[in-house]
Structure formats: structure tokens, C-alpha cells
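Before any comments, here is the structure.
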Amino acid sequence: MIYEFIATVTAGFGMAGIAMIIRHLTKLAGKQAPKWLIPIFAGIGMLGFQIHQEYHWQQQQIDRLPAQVKVVKTVEGQVWYRPWSYLKPQVIRFMAAESGKPVATDITSSADDIRSTNIYLFERRISTKVIAQLVNCSQPAITSVTITPPLSATNFQQLQWQPLATDDDLLQAVCQ
């Protein structure tokens with residue numbers, strides 16, 4: 001966050017420098033540009049950089065992810081105090097999932113393909129949340145992992161499975 005602040009201030013100084021060059025060139029041409037041009041350009045530079053970051057933060061996060069992590073859902077939104085978001089909605093948050101690792105259990109039927117995965121929840125300017133999950137690939141369902149593997153028969157019976165659609169992106173990313 002500190003780097004983004006420094007970059008924002010630098011963008012403001014850069015645009016203010018351009019305004020100073022414009023003022024100097026217009027002075028040489030015989031008519032000087034107004035003094036208020038400098039803070040206007042500085043404000044435009046800082047605001048422009050922040051708008052750019054609002055639309056590109058998701059790709060910057062995705063580029064840092066390992067190859068086995070895939071984006072499964074994005075949430076776009078519009079906010080009244082960001083009027084440019086009405087022209088092009090921006091990504092507010094997104095969810096990514098690791099490809100699942102098979103869970104070795106002797107308590108499930110041989111038809112069950114259960115995999116463990118981590119789901120990553122990203123939101124602008126908020127720390128990433130990691131949630132451990134179990135996914136049943138053969139009977140599309142998901143559950144939160146509240147117990148640590150290896151699963152015992154009693155632990156496995158206590159899991160609350162939530163059904164998933166067969167075309168769910170999360171299921172596709174984990175079970176591929």
C-alpha cells in the first residue's frame with residue numbers, strides 16, 4: 001500500500017512537471033498559461049493513476065499466483081463515488097482455487113473422488129483470505145475443512161456437504 005501511495009504522489013509530481021513545462025513554453029510564446037494549471041494537472045495525474053490501479057489490481061494479483069491456482073469467480077461493481085465505474089464496472093473481488101490434491105481415505109466408497117483444496121478470496125486493499133475445502137468430484141459437493149486429515153470414519157460423517165452444479169467453475173478447477 002505504501003508503494004501505491006508513493007506512485008500516486010509521483011504521478012502527481014510528474015503531471016505537475018508537465019504543467020510547468022507548458023507554462024514555460026507559453027511564456028516563451030508570448031502569453032503565459034495560468035498558475036492554477038499546475039495543481040489541476042497534479043490532481044489529474046493522481047486521480048488517473050488511482051483509476052488505472054482500480055482496473056488493473058486483479059490482473060496484478062493473478063500474475064503473482066502459482067500456475068496451479070485458477071480464478072473461478074469475479075464480482076464486478078459500480079459505486080456512486082466512482083462515477084467512471086458506471087461506464088465500465090470494475091472488479092471488486094474475486095475467488096481463486098488450487099487444483100485439488102486427492103485425499104487418501106479408507107472410509108469413503110471407491111466411487112468417491114474427494115480432493116482437498118485451498119480457496120483464495122481477494123478483495124481490493126484487504127488481506128487475502130485462505131479457506132481450506134474438501135470437494136467431492138464424483139458427486140459434486142463441497143464442504144469446509146474443520147478437521148485435519150487423515151479423516152476418520154467419525155470425522156467424515158460429521159462433514160456438512162453442500163451440492164455443487166456439475167458445470168461449476170470451482171468444481172472444474174479443483175477436479176481437473
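In the C-alpha cells, chains take letters A, B, ... by order of appearance, with residues numbered from 1 within each chain and ligands from 1 in the order shown.
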Which residues, written as a PDB file with N, CA and C atoms, in the first residue's frame, have at least one atom at most 9 Å from Val130 (chain A), with only C-alpha atoms counted and residues fewer than 2 positions away on the same chain left out?
```
ATOM      1  N   ASN A 118      -7.386 -25.306  -1.427  1.00  0.00           N
ATOM      2  CA  ASN A 118      -7.480 -24.015  -0.756  1.00  0.00           C
ATOM      3  C   ASN A 118      -8.182 -23.055  -1.693  1.00  0.00           C
ATOM      4  N   ILE A 119      -9.110 -22.300  -1.140  1.00  0.00           N
ATOM      5  CA  ILE A 119      -9.792 -21.260  -1.902  1.00  0.00           C
ATOM      6  C   ILE A 119      -9.266 -19.924  -1.397  1.00  0.00           C
ATOM      7  N   TYR A 120      -8.881 -19.067  -2.332  1.00  0.00           N
ATOM      8  CA  TYR A 120      -8.327 -17.759  -2.006  1.00  0.00           C
ATOM      9  C   TYR A 120      -9.356 -16.687  -2.352  1.00  0.00           C
ATOM     10  N   LEU A 121      -9.655 -15.832  -1.385  1.00  0.00           N
ATOM     11  CA  LEU A 121     -10.594 -14.732  -1.586  1.00  0.00           C
ATOM     12  C   LEU A 121      -9.812 -13.424  -1.605  1.00  0.00           C
ATOM     13  N   THR A 128      -5.678 -11.110   1.739  1.00  0.00           N
ATOM     14  CA  THR A 128      -6.227 -12.317   1.125  1.00  0.00           C
ATOM     15  C   THR A 128      -6.641 -13.312   2.202  1.00  0.00           C
ATOM     16  N   ALA A 132      -9.650 -23.573   3.587  1.00  0.00           N
ATOM     17  CA  ALA A 132      -9.433 -24.981   3.218  1.00  0.00           C
ATOM     18  C   ALA A 132     -10.793 -25.639   2.961  1.00  0.00           C
TER      19      ALA A 132
END
```
For this session: Could you give me, as a PyMOL selection string, the residues within 12 Å of Thr143 (chain A), counting only C-alpha atoms and dropping anything in the same chain fewer than 4 positions from it?
Result: chain A and resi 114-119+131-137+147+156-164
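Neighbours of Val174 (chain A) closer than or equal to 7 Å, with only C-alpha atoms counted and sequence neighbours fewer than 6 positions away skipped, come out as Ala97, Glu98, Ser99, Gly100 and Thr117 of chain A.
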Seminar exercise, completed: As a check of understanding: the span from CA of Asp169 (chain A) to CA of Arg125 (chain A) is 25.1 Å
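Residues surrounding His24 (chain A) within 12 Å are Gly17, Ile18, Gly30, Lys31, Gln32, Ala33, Pro34, Lys35, Leu37 and Ile38 of chain A [only C-alpha atoms; sequence separation below 6 positions excluded].
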Exercise. Mind checking DSSP for region 16-92 of chain A and telling me the helix (DSSP H, G or I) residues as a VMD selection string?
Worked result: chain A and resid 16 to 28 37 to 64 83 to 86
Export C-alpha atoms of the chosen residues as a compact mmCIF listing (two decimals), in the first residue's frame?
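Here's the written file result.txt:
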```
# COMPACT_ATOMS: atom_id res chain seq x y z
CA ALA A 16 2.70 18.98 -12.34
CA GLY A 17 6.09 18.99 -14.09
CA ILE A 18 4.34 18.73 -17.46
CA ALA A 19 2.16 21.69 -16.49
CA MET A 20 5.27 23.67 -15.55
CA ILE A 21 6.79 22.92 -18.96
CA ILE A 22 3.56 24.07 -20.62
CA ARG A 23 3.63 27.29 -18.57
CA HIS A 24 7.26 27.89 -19.53
CA LEU A 25 6.63 27.24 -23.24
CA THR A 26 3.58 29.52 -23.30
CA LYS A 27 5.63 32.22 -21.57
CA LEU A 28 8.24 31.94 -24.34
CA LEU A 37 -2.79 24.72 -14.31
CA ILE A 38 -0.10 23.09 -12.12
CA PRO A 39 -2.36 21.80 -9.30
CA ILE A 40 -5.04 20.79 -11.83
CA PHE A 41 -2.52 18.66 -13.73
CA ALA A 42 -1.21 17.19 -10.44
CA GLY A 43 -4.75 16.21 -9.43
CA ILE A 44 -5.45 14.70 -12.84
CA GLY A 45 -2.22 12.67 -12.60
CA MET A 46 -3.04 11.29 -9.15
CA LEU A 47 -6.67 10.56 -9.98
CA GLY A 48 -5.70 8.97 -13.29
CA PHE A 49 -3.19 6.69 -11.59
CA GLN A 50 -5.73 5.60 -8.98
CA ILE A 51 -8.34 4.85 -11.65
CA HIS A 52 -5.73 2.82 -13.54
CA GLN A 53 -4.95 0.83 -10.39
CA GLU A 54 -8.63 0.20 -9.66
CA TYR A 55 -8.99 -1.53 -13.03
CA HIS A 56 -5.68 -3.41 -13.04
CA TRP A 57 -5.25 -4.68 -9.46
CA GLN A 58 -6.92 -8.00 -10.28
CA GLN A 59 -4.50 -8.82 -13.10
CA GLN A 60 -1.58 -7.83 -10.88
CA GLN A 61 -2.78 -10.32 -8.25
CA ILE A 62 -3.41 -13.06 -10.83
CA ASP A 63 0.11 -12.65 -12.22
CA ARG A 64 1.52 -13.42 -8.74
CA PRO A 83 -18.59 7.63 -11.48
CA TRP A 84 -16.25 6.01 -14.02
CA SER A 85 -17.37 2.62 -12.71
CA TYR A 86 -20.76 3.22 -14.37
```
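In this comparison, which uses only C-alpha atoms, the residue of A:Pro66, A:Gly77, A:Pro140, A:Gly12 approaching Val91 (chain A) most closely is A:Gly77.
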